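A.B. asks: Here it is, the structure in full.
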Amino acid sequence: MAALPVPLLALALLLLAGCGGPGAAGQRRKEMVLSEKVNQLMEWASKRSVIRMNGDKFRRLVKAPPRNYSVIVMFTALQPHRQCVVCKQADEEYQILANSWRYSSAFTNKIFFAMVDFDEGSDVFQMLNMNSAPTFINFPAKGKPKRGDTYELQVRGFAAEQLARWVADRTDVHIRVIRPPNYAGPLMLGLLLAVIGGLVYLRGSNLDFLYNKTGWAFAALCFVLAMTSGQMWNHIRGPPYAHKNPHTGQVNYIHGSSQAQFVAETHIVLLFNGGVTLGMVLLHEAATSDMDVGKRKIMCIAGIGLVVLFFSWLLSVFRSKYHGYPYSFLMS
């Protein structure tokens, strides 16, 4: 086979390059744009674990392709005039989660944490038809967010550990949450031990108070009321104290679902349970004490009133959470 002349060979090579040129050039442009976006995000993440975004940054770095990374975005309203207490509480946990990822040895450019404040990106809220805050959404590396990519805040709470489990489920990135040192627990334990030690030292010759049944009964009752009101659930899930409707301004202290609760709700239930318990104690004392009949009647009436009143309130709270429950007492 005869060799082609040099001019014809050069022309053939140019034609071959031209045939594959547009596709290759487009791919190179996509790679350059992607590289610039990743480098920009990595630079911002090195300075701040949670990247603050406005409308332009969100559209360019989160919504627009190409993208080979996931972005967890918290949509919030942190400005003081918004009076969103839950937003501030959620932001603290979100910062803990983002810092745990940023300073971990497994940190990569596979996932970034960002935040859009309503006052800095109201157009983003309108674009996503979003009317409440805080809201957490995962924008995956490929495709659009699915239903599971929106975090169920009312059900799971906003504790950093719960957010980390959700992130692992949606992105397969496992984050070990590292909280800043909290010395409140050790200090309270030390104070309690100091008080006990002081009492033993001052009353070393008379420790009869340790055998006081009333004191131990009161301490056990307080513990039982705290546990039955849902304090341990709050500790595990980290729910918000209450919920304020951003449109009407109405504050809800009772969660409408049987699968979740607010911190204020546990305080209310604790109060109601305490009222019922106090009524039962008064009834018991009225039946067993040696006081005169008149005082025992007063205690009996007061006990019945407390039990009836607080039990009816407790039942109304139960009905508001378990929709369709058919029974009520005094109050619907």
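Note on naming: chains are A, B, ... as they come in the structure tokens, residues start from 1 per chain, ligands start from 1 in the order shown.
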Write out as a count of residues only the set of residues from stretch 194-250 of chain A that DSSP, computed on the backbone, places in helix (DSSP H, G or I).

C.D. replies: 36

A.B. asks: Set out as a Markdown table a contact list for stretch 7-100 of chain A and stretch 137-157 of chain A with a cut-off of 9 Å, giving each residue of stretch 7-100 of chain A that qualifies its closest atom pair and distance in Å to one decimal, counting only C-alpha atoms, ordered by chain and rising residue number.

C.D. replies:
| residue | atom | partner | partner_atom | distance |
| --- | --- | --- | --- | --- |
| A:Val62 | CA | A:Phe139 | CA | 7.1 |
| A:Lys63 | CA | A:Phe139 | CA | 8.1 |
| A:Pro66 | CA | A:Ala141 | CA | 8.9 |
| A:Arg67 | CA | A:Ala141 | CA | 5.7 |
| A:Asn68 | CA | A:Ala141 | CA | 4.8 |
| A:Tyr69 | CA | A:Ala141 | CA | 4.6 |
| A:Ser70 | CA | A:Pro140 | CA | 4.5 |
| A:Val71 | CA | A:Phe139 | CA | 5.2 |
| A:Ile72 | CA | A:Asn138 | CA | 4.5 |
| A:Val73 | CA | A:Ile137 | CA | 5.5 |
| A:Met74 | CA | A:Ile137 | CA | 6.7 |
| A:Phe75 | CA | A:Ile137 | CA | 8.1 |
| A:Ala90 | CA | A:Gly157 | CA | 8.8 |

A.B. asks: Could you write those residues out with C-alpha atoms, as a compact mmCIF listing (two decimals), in the first residue's frame?

C.D. replies:
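File produced: again_15.txt:
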# COMPACT_ATOMS: atom_id res chain seq x y z
CA VAL A 62 -26.35 23.08 43.39
CA LYS A 63 -29.01 23.11 40.68
CA PRO A 66 -22.55 19.13 35.80
CA ARG A 67 -22.23 17.87 39.38
CA ASN A 68 -20.57 14.75 40.78
CA TYR A 69 -21.06 15.68 44.43
CA SER A 70 -24.02 15.80 46.81
CA VAL A 71 -25.02 18.95 48.66
CA ILE A 72 -26.95 18.93 51.93
CA VAL A 73 -28.75 22.27 52.19
CA MET A 74 -30.46 23.69 55.25
CA PHE A 75 -33.11 26.25 54.35
CA ALA A 90 -31.30 23.34 64.31

A.B. asks: Show me, as a compact mmCIF listing (two decimals) with N, CA, C and O atoms, in the first residue's frame, the residues that have an atom within 9 Å of stretch 294-310 of chain A when counting only C-alpha atoms, minus same-chain residues fewer than 6 positions from it.

C.D. replies:
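Output saved as around_2.txt:
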# COMPACT_ATOMS: atom_id res chain seq x y z
N LEU A 271 -46.74 18.05 83.85
CA LEU A 271 -47.61 18.80 84.75
C LEU A 271 -48.93 18.09 84.98
O LEU A 271 -49.41 17.97 86.12
N PHE A 272 -49.53 17.58 83.90
CA PHE A 272 -50.82 16.88 84.03
C PHE A 272 -50.68 15.59 84.84
O PHE A 272 -51.51 15.29 85.70
N ASN A 273 -49.63 14.83 84.57
CA ASN A 273 -49.41 13.61 85.35
C ASN A 273 -49.16 13.94 86.82
O ASN A 273 -49.62 13.22 87.72
N GLY A 274 -48.42 15.03 87.06
CA GLY A 274 -48.17 15.44 88.43
C GLY A 274 -49.46 15.85 89.13
O GLY A 274 -49.65 15.56 90.33
N GLY A 275 -50.37 16.52 88.42
CA GLY A 275 -51.66 16.90 89.00
C GLY A 275 -52.50 15.69 89.36
O GLY A 275 -53.12 15.64 90.44
N VAL A 276 -52.54 14.69 88.47
CA VAL A 276 -53.29 13.46 88.77
C VAL A 276 -52.68 12.75 89.97
O VAL A 276 -53.40 12.26 90.87
N THR A 277 -51.35 12.69 90.02
CA THR A 277 -50.68 12.03 91.14
C THR A 277 -50.96 12.74 92.45
O THR A 277 -51.22 12.09 93.48
N LEU A 278 -50.91 14.06 92.44
CA LEU A 278 -51.20 14.82 93.66
C LEU A 278 -52.63 14.57 94.13
O LEU A 278 -52.89 14.42 95.33
N GLY A 279 -53.56 14.49 93.19
CA GLY A 279 -54.94 14.19 93.55
C GLY A 279 -55.08 12.82 94.20
O GLY A 279 -55.81 12.66 95.19
N MET A 280 -54.37 11.83 93.66
CA MET A 280 -54.43 10.49 94.24
C MET A 280 -53.81 10.47 95.64
O MET A 280 -54.31 9.77 96.54
N VAL A 281 -52.74 11.23 95.83
CA VAL A 281 -52.12 11.30 97.16
C VAL A 281 -53.08 11.92 98.17
O VAL A 281 -53.22 11.44 99.31
N LEU A 282 -53.77 12.99 97.76
CA LEU A 282 -54.74 13.63 98.66
C LEU A 282 -55.89 12.68 99.01
O LEU A 282 -56.34 12.62 100.16
N LEU A 283 -56.35 11.91 98.03
CA LEU A 283 -57.42 10.94 98.30
C LEU A 283 -56.94 9.86 99.28
O LEU A 283 -57.69 9.44 100.18
N HIS A 284 -55.71 9.42 99.11
CA HIS A 284 -55.17 8.41 100.03
C HIS A 284 -55.05 8.97 101.44
O HIS A 284 -55.40 8.28 102.42
N GLU A 285 -54.55 10.20 101.55
CA GLU A 285 -54.42 10.81 102.87
C GLU A 285 -55.78 11.04 103.51
O GLU A 285 -55.95 10.88 104.73
N ALA A 286 -56.77 11.41 102.71
CA ALA A 286 -58.11 11.62 103.26
C ALA A 286 -58.72 10.33 103.80
O ALA A 286 -59.50 10.34 104.76
N ALA A 287 -58.33 9.22 103.21
CA ALA A 287 -58.90 7.94 103.63
C ALA A 287 -58.15 7.31 104.80
O ALA A 287 -58.72 6.52 105.55
N PHE A 329 -63.42 12.95 78.10
CA PHE A 329 -63.93 13.10 79.46
C PHE A 329 -63.93 14.59 79.80
O PHE A 329 -62.87 15.22 79.89
N LEU A 330 -65.12 15.16 79.93
CA LEU A 330 -65.34 16.58 80.24
C LEU A 330 -64.93 17.50 79.08
O LEU A 330 -65.65 18.42 78.72

A.B. asks: From the set A:Met291, A:Leu163, A:Leu199, A:Leu270, which residue has the shortest atom-to-atom contact distance to A:Ile175, counting only C-alpha atoms?

C.D. replies: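 The shortest atom-to-atom distance to A:Ile175 comes from A:Leu163.
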
A.B. asks: Which is closer to A:Lys88 than all the others in A:Arg102, A:Asn131, A:Phe158, A:Ala164, using only C-alpha atoms?

C.D. replies: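 The answer is A:Phe158, which sits nearest to A:Lys88.
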
A.B. asks: Using only C-alpha atoms, which residue out of A:Arg28, A:Ala133, A:Asp292, A:Gln231 lies closest to A:Val85?

C.D. replies: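 Nearest to A:Val85: A:Ala133.
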